[in-house]
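**Q** This structure is in structure tokens; I'll ask about it shortly.
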Amino acid sequence: MSSFNLDEQETNRRFAAYFKGLEDRLASLERANQLTNASIEGGSIDVYDVDGSLQTIIGEQADGTTGVVHVNGPPPPTPTAPLLAPVINGVAATWDGAFTDADAAPLDFSRVEVHAAPAPDFEPTPLTLVSTIESPRGGVFAIPTDTPLCVRFLARNLSGTGSPPSTAAGPESPAKVVADDVVDGIITDVKLAEKAVTEAKLALAAVGSDALANNAVTAAKILTGAVTTDKLVALGVTAEKIAALAITTDKLAALAVTADKLAANSVTATKILAGTIDATHIKAGAVTADKLMIGTSGDNLIPDPSFEGPVSQARVQGVTAWSVVDGGNATPKALQVSAVSVSPVSRALDLVVLPAVPGQKVYLAVDYLASPDWIGERVMIAVNWLAADGTWLAQASAGTVQGSTVLGSWQRLVSLAVTAAPPNTTRAAVRLYTSNSTAGTVRFDNAQAMFVTTSGVAGARAEISPLGLQLYDEDGEEAVALMTGRPNYLSLRTDGVPVATIDQEGGAGFQRLAVAESLSIGGTDLAEYLNSLPRGMLAVDYQVSTRTASGTEMGFVELACDIDPTRMYRFRFAARANPSAGGGELQIRLRDGGAGSPTINSKQIYLAVHHMVSGNSFTADFEHIQNGASLGAGNHRFLVGFNNLYGPSGQTCTMSGEAGAVGYFYIEDIGPHVVETGGYNDGGGTTAPTPQKYTRTYNASWSGTYARRSSYSSFYGNTCMQGYYSSTNGTMASLIGFPSSLGSDLAGASIIKAEVYLYFDHWYANAGGRAVIKAHTHTSRPSSFSSDAEGKTVDWKRNEGKWVDITSVFDSTKWRGIALDPNSTSSTYYGRARGYGQTNPPRLKVTYTK
């Protein structure tokens, strides 16, 4: 018995240990990474947010590479305002790492952009970008300048989405060099005679590092070969004691400076003269693929592209006819070339020379202003493709053609330089030109040069530039062109045959088209066009049997339908009537029982009378038209009844239909409600006509944006902004006006319907925004904003133009235009609509009687 108990205990122990092991393994699996043994084979994982918007693509990308690409993250919070301080020849901008509307940086933080401009109310653009701060903990950047600057910060996330810009700081002026800054070095090399200090004049270790002012030793003070490495070590002369370029190769004894004499990382790229290290000085195999970085097309290759700083001053120093002058295109300064010459002359100036490889393409753009008296052939920005020895190989350019140069106003030259770098290209020189000119001047401003991002140089490839996207097939033929100013935006092919096209004017051709939701034509939903048409027969009944009346009303046929109060209806009835004797009249009544069962006592809405002269049969009919509003919305059951009256005693009358002569009764929708406009006229020649219905469409005659819902902002021209983007302009509103004929047309009129057409090409969010439409009484553009308080809020998409019913806010003949005025700082309302003189301008359509 004892042995049995021991075996049972052992068995129980083993079972307990077994189940404990299972429990531990299950817990381990629950804690383990679910993708430990998973892989992505030739594909990717798409990560979406709760609204179904794509956020991240993990794995293989569209261009064949692999990685993690952030696509559509929410805007980051707004950085705090910059802290500015003057420094010598510049302004230092500090970001403290904080945000105005968040406690910490978002997890997809990428960088904070530093933007600078002379005026505080500037909007950050690629032209105002001077640097970036990559750390979310903040940083400082010194902006080179010789004039006062204002600075704003703008945060971006990994998908490139930008935050609202920070409050502007400044203007801040650069610091000046004063005596206190140079006391320690007041005796410099100019105080020493040429070659005055030689090796013989110096006792070993007589001059230590603490005896030399910074940069005190210059090239002019050093005899050739006088300084060897053993003299430098013993004397204690350090790098900060030697002026830049003071010790050159001719001052050093052969092999005096060896690798062991150089501190680690002491020789950097900034210490090496440009061009001194070429292919012959690089050890074979020393430069590998991991040492090379591929550039992108996102950056302007031209330094100081608006010609404001010392870089541009250096460009023109000593160059005949070229200078930096005041008065750029929305910038303080511009680059100017004089064209004055006795004989035609061509002038050129290099802006930048860059490394290049065969097959590269460049996007080029520049603003130019040719003076009214300018005489010449062409104005141009170009890239010259050069070989290693400087030999010119080819050129790609953006420029005017002879006779097309516009004089007296700023113009912009833009081109995707389609001439790719030919074989043997090693450099690209971006250059400004004027050719064969004899008089006047030409100014240049806001220059751009950007390498085109491409997946290849021939065959099937994709190319991206600031002008857009191009896709090529395997034969190198353009298949898709989503580019500005091109005649063919999109062409889709099947087996080489085009099946669909969208051109630059938005015209499209398709084999078939299926629209899941609404379809608009000319800004009007197709449903509106269909609503303006009759909807046809709603209900019908045919009669082939007989009913008889004997002096009292007899019901004959019932028909039901739903009534819309905005529509018009026709009731039509016809049947054979046969009196038993001549005389008297036949009365046919149309009665409305509403939603209930109609009887001969229901509401009568029409009466038709036929005289029965003889006892012969005849066709008895009626037609009645009535608007839905007077009938009432909803389901109605209509009854046709009849009776004979005033005939001989004992007269009866039958109403019948039969084969070959059936009776019928139908109800027809004949179109939208038409307001009654007629009046009585006795034919004696009245002077006042009866009212008439009119529909008039008016094109906008002026428009403008008002900063802070207050003063007119000429910066936006005729564009119509609404809502809040930054503190620069606060909450913006817009006014749109129409011709004076609107006022004269509406004088004494009664408005039936008012509609406005607007085209919004931008909203803060990709999904669109909300427009708030009001009315105003201004007959011309005022200097300050005002409008009616009542508004209508309408949802809008990006690049959507549509007609909107605004009768509820445009319900008085005193109104002369509309306002866009959300009066809210919510980003939902920040949008931009087209204005007067632009494509898809505002229009007003008013239907009225008068």
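Each chain in the structure tokens gets a letter, A, B and so on, in the order shown; residues start at 1 in every chain, and ligands are counted from 1 in the order they appear.
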May I have the residues within 10 Å of Pro841 in chain A as a ChimeraX atom specification, using only C-alpha atoms and disregarding those fewer than 2 positions away in the same chain?
**A** /A:699-701,703,718-719,757-759,801,833-839,843
**Q** Using only C-alpha atoms, determine which residues lie at most 7 Å from Thr132 in chain A, disregarding the query and same-chain residues fewer than 3 positions distant; provide the list as a PyMOL selection string.
**A** chain A and resi 111-114
**Q** Quote the spacing between CA of Gly584 in chain A and CA of Gly663 in chain A in Å to one decimal place.
**A**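 Going from CA of Gly584 in chain A over to CA of Gly663 in chain A, I get 22.5 Å.
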**Q** Check range 482-728 of chain A with DSSP on the backbone and list each residue it calls strand (DSSP E), as JSON, numbers by chain.
**A** {"A": [482, 483, 488, 489, 490, 491, 492, 493, 494, 497, 498, 499, 500, 501, 502, 503, 508, 509, 520, 521, 524, 525, 536, 537, 538, 539, 540, 541, 542, 543, 546, 547, 548, 549, 554, 555, 556, 557, 558, 559, 560, 561, 562, 563, 567, 568, 569, 570, 571, 572, 573, 574, 575, 576, 577, 578, 579, 585, 586, 587, 588, 589, 590, 591, 592, 603, 604, 605, 606, 607, 608, 609, 610, 611, 618, 619, 620, 621, 622, 623, 624, 625, 626, 627, 634, 635, 636, 637, 638, 639, 640, 641, 642, 643, 644, 645, 653, 654, 655, 656, 663, 664, 665, 666, 667, 668, 669, 670, 671, 672, 693, 694, 695, 696, 697, 698, 699, 702, 703, 704, 705, 706, 707, 711, 712, 713, 720, 721, 722, 723, 724]}
**Q** List the spatial neighbours of range 677-689 of chain A as a list in words - criterion: any atom at most 10 Å away, only C-alpha atoms, same-chain residues fewer than 3 positions off excluded.
**A** Val674, Gln692, Lys693, Thr849 and Lys850 of chain A
**Q** Give me the range 671-736 of chain A side of the contact with range 72-83 of chain A, cut-off 12 Å, one line per residue showing its nearest atom pair and distance in Å at one decimal, counting only C-alpha atoms, sorted by chain and residue number, as a tab-separated table.
**A**
```
residue	atom	partner	partner_atom	distance
A:Tyr725	CA	A:Thr78	CA	11.2
A:Ser726	CA	A:Thr78	CA	9.9
A:Ser727	CA	A:Ala81	CA	11.4
```
**Q** From the set A:Ala549, A:Ala17, A:Ala142, A:Met732, which residue has the shortest atom-to-atom contact distance to Phe785 in chain A, counting only C-alpha atoms?
**A**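 Of the candidates, the smallest distance to Phe785 in chain A is held by A:Met732.
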**Q** Based on DSSP run over this structure's backbone, return all residues of range 483-675 of chain A in alpha helix (DSSP H), as a list in words.
**A**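 Output for range 483-675 of chain A, alpha helix (DSSP H) only: Leu526, Ala527, Glu528, Tyr529, Leu530, Asn531, Gly628, Ala629, Ser630 and Leu631 of chain A.
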**Q** Which residues are near Leu149 in chain A? Cut-off 9 Å, only C-alpha atoms, ignore same chain within fewer than 4 positions. Put them as a PDB file with C-alpha atoms, in the first residue's frame.
**A**
```pdb
ATOM      1  CA  VAL A  91      22.397  86.950 -36.972  1.00  0.00           C
ATOM      2  CA  ALA A 116      14.763  84.440 -43.027  1.00  0.00           C
ATOM      3  CA  ALA A 117      13.629  87.567 -44.858  1.00  0.00           C
ATOM      4  CA  PRO A 118      13.881  91.349 -44.395  1.00  0.00           C
ATOM      5  CA  ALA A 119      10.196  91.925 -43.497  1.00  0.00           C
ATOM      6  CA  PRO A 120       8.401  90.265 -40.533  1.00  0.00           C
ATOM      7  CA  ILE A 143      22.745  83.344 -40.702  1.00  0.00           C
ATOM      8  CA  THR A 145      23.987  88.779 -43.524  1.00  0.00           C
ATOM      9  CA  ALA A 169      11.239  87.377 -34.611  1.00  0.00           C
ATOM     10  CA  GLY A 170      13.192  90.445 -35.601  1.00  0.00           C
ATOM     11  CA  PRO A 171      14.350  92.343 -37.433  1.00  0.00           C
ATOM     12  CA  GLU A 172      17.796  91.813 -35.908  1.00  0.00           C
ATOM     13  CA  SER A 173      20.984  93.459 -37.247  1.00  0.00           C
ATOM     14  CA  PRO A 174      24.426  91.831 -37.512  1.00  0.00           C
TER      15      PRO A 174
END
```
**Q** In Å, with one decimal, what is the gap from CA of Thr391 in chain A to CA of Ser346 in chain A?
**A**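 Between CA of Thr391 in chain A and CA of Ser346 in chain A the gap is 19.9 Å.
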**Q** Name all residues at most 9 Å from Asp350 in chain A (count only C-alpha atoms; drop same-chain ones fewer than 2 positions away) and give them as a ChimeraX atom specification.
**A** /A:315,348,352-353,429-432
**Q** If we count only C-alpha atoms, what is near range 533-548 of chain A at a cut-off of 9 Å, once residues fewer than 6 positions away on the same chain are taken out, given as an MDAnalysis selection string?
**A** chainID A and resid 554:562 567:568 575 643 652:659 661:672
**Q** Counting only C-alpha atoms, figure out which residue out of A:Ile58, A:Ala365, A:Ala581, A:Leu482 gets nearest to Gln470 in chain A.
**A**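 Using only C-alpha atoms, Gln470 in chain A sits closest to A:Leu482.
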**Q** Need to verify the contact set: Pro305 in chain A, 10 Å, only C-alpha atoms, exclusion of same-chain residues closer than 5 positions in sequence. Can you return it as number ranges by chain?
**A** A: 127-128, 300, 311-312, 334-335, 351, 366, 444-449
**Q** Kindly export the residues of the current selection with all heavy atoms, as a compact mmCIF listing (two decimals), in the first residue's frame.
**A**
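The resulting file, again.txt, is shown below:
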```
# COMPACT_ATOMS: atom_id res chain seq x y z
N LEU A 127 12.50 79.90 -51.17
CA LEU A 127 13.44 81.00 -51.38
C LEU A 127 13.89 81.62 -50.06
O LEU A 127 14.92 82.30 -50.02
CB LEU A 127 12.81 82.08 -52.28
CG LEU A 127 12.45 81.63 -53.70
CD1 LEU A 127 11.81 82.77 -54.46
CD2 LEU A 127 13.70 81.15 -54.43
N THR A 128 13.12 81.45 -48.97
CA THR A 128 13.50 82.03 -47.69
C THR A 128 14.22 81.02 -46.78
O THR A 128 14.64 81.38 -45.69
CB THR A 128 12.26 82.55 -46.96
OG1 THR A 128 11.36 81.45 -46.69
CG2 THR A 128 11.53 83.59 -47.81
N ASN A 300 17.71 73.68 -54.08
CA ASN A 300 18.20 74.60 -55.10
C ASN A 300 19.72 74.52 -55.11
O ASN A 300 20.38 74.67 -54.09
CB ASN A 300 17.74 76.02 -54.77
CG ASN A 300 17.96 76.97 -55.93
OD1 ASN A 300 18.61 76.64 -56.92
ND2 ASN A 300 17.42 78.17 -55.81
N VAL A 311 27.79 86.26 -50.97
CA VAL A 311 28.10 85.34 -52.07
C VAL A 311 27.89 86.04 -53.41
O VAL A 311 28.71 85.95 -54.33
CB VAL A 311 27.22 84.08 -51.99
CG1 VAL A 311 27.37 83.23 -53.24
CG2 VAL A 311 27.59 83.27 -50.75
N SER A 312 26.80 86.76 -53.54
CA SER A 312 26.50 87.44 -54.80
C SER A 312 27.42 88.64 -55.02
O SER A 312 27.79 88.96 -56.15
CB SER A 312 25.04 87.88 -54.84
OG SER A 312 24.19 86.74 -54.85
N ALA A 334 18.61 92.49 -56.52
CA ALA A 334 18.60 91.71 -57.76
C ALA A 334 19.97 91.79 -58.39
O ALA A 334 20.80 92.65 -58.05
CB ALA A 334 17.53 92.22 -58.73
N LEU A 335 20.24 90.88 -59.31
CA LEU A 335 21.49 90.88 -60.08
C LEU A 335 21.22 91.59 -61.40
O LEU A 335 20.25 91.27 -62.10
CB LEU A 335 21.93 89.45 -60.33
CG LEU A 335 23.35 89.23 -60.87
CD1 LEU A 335 24.38 89.71 -59.87
CD2 LEU A 335 23.55 87.74 -61.15
N LEU A 351 26.74 81.24 -62.06
CA LEU A 351 26.17 81.27 -60.72
C LEU A 351 26.73 80.16 -59.85
O LEU A 351 26.90 80.33 -58.64
CB LEU A 351 24.64 81.14 -60.80
CG LEU A 351 23.91 82.25 -61.57
CD1 LEU A 351 22.41 81.99 -61.55
CD2 LEU A 351 24.22 83.62 -60.99
N VAL A 366 14.21 81.37 -63.56
CA VAL A 366 14.71 82.66 -63.06
C VAL A 366 13.71 83.75 -63.44
O VAL A 366 13.03 83.66 -64.47
CB VAL A 366 16.11 82.97 -63.64
CG1 VAL A 366 16.03 83.33 -65.13
CG2 VAL A 366 16.79 84.10 -62.86
N PHE A 444 17.99 90.10 -62.83
CA PHE A 444 17.65 88.70 -62.57
C PHE A 444 17.38 88.52 -61.07
O PHE A 444 18.02 89.18 -60.24
CB PHE A 444 18.79 87.77 -62.99
CG PHE A 444 19.07 87.76 -64.46
CD1 PHE A 444 20.04 88.59 -65.01
CD2 PHE A 444 18.37 86.91 -65.31
CE1 PHE A 444 20.31 88.57 -66.37
CE2 PHE A 444 18.63 86.88 -66.66
CZ PHE A 444 19.61 87.72 -67.20
N ASP A 445 16.45 87.62 -60.73
CA ASP A 445 16.15 87.36 -59.33
C ASP A 445 15.55 85.96 -59.20
O ASP A 445 15.03 85.40 -60.17
CB ASP A 445 15.17 88.41 -58.79
CG ASP A 445 15.25 88.53 -57.27
OD1 ASP A 445 16.04 87.79 -56.64
OD2 ASP A 445 14.53 89.37 -56.69
N ASN A 446 15.63 85.42 -57.98
CA ASN A 446 14.97 84.15 -57.63
C ASN A 446 15.32 83.04 -58.62
O ASN A 446 14.45 82.42 -59.23
CB ASN A 446 13.45 84.34 -57.57
CG ASN A 446 13.05 85.42 -56.59
OD1 ASN A 446 13.63 85.54 -55.51
ND2 ASN A 446 12.09 86.24 -56.98
N ALA A 447 16.62 82.80 -58.76
CA ALA A 447 17.09 81.76 -59.69
C ALA A 447 16.96 80.38 -59.06
O ALA A 447 17.13 80.21 -57.84
CB ALA A 447 18.54 82.03 -60.09
N GLN A 448 16.68 79.39 -59.89
CA GLN A 448 16.58 78.00 -59.43
C GLN A 448 17.28 77.07 -60.41
O GLN A 448 17.15 77.23 -61.63
CB GLN A 448 15.12 77.55 -59.33
CG GLN A 448 14.38 78.05 -58.10
CD GLN A 448 12.97 77.48 -58.07
OE1 GLN A 448 12.09 77.96 -58.77
NE2 GLN A 448 12.77 76.47 -57.26
N ALA A 449 18.01 76.11 -59.87
CA ALA A 449 18.57 75.02 -60.65
C ALA A 449 18.50 73.77 -59.78
O ALA A 449 19.02 73.75 -58.68
CB ALA A 449 20.02 75.31 -61.05
```
**Q** Between CA of Ser343 in chain A and CA of Thr320 in chain A, measure the distance and give it in Å to one decimal.
**A**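 Separation between CA of Ser343 in chain A and CA of Thr320 in chain A: 15.8 Å.
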**Q** With only C-alpha atoms as the basis for distance, which of A:Ala500, A:Val47, A:Ala428, A:Ile600 is at the shortest distance from Gln360 in chain A?
**A**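 So, comparing all the options, the nearest one is A:Ala428.
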**Q** A:Val87, A:Ile752, A:Ala747, A:Leu820: which is nearest Arg770 in chain A, counting only C-alpha atoms?
**A**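 Closest to Arg770 in chain A, using only C-alpha atoms: A:Leu820.
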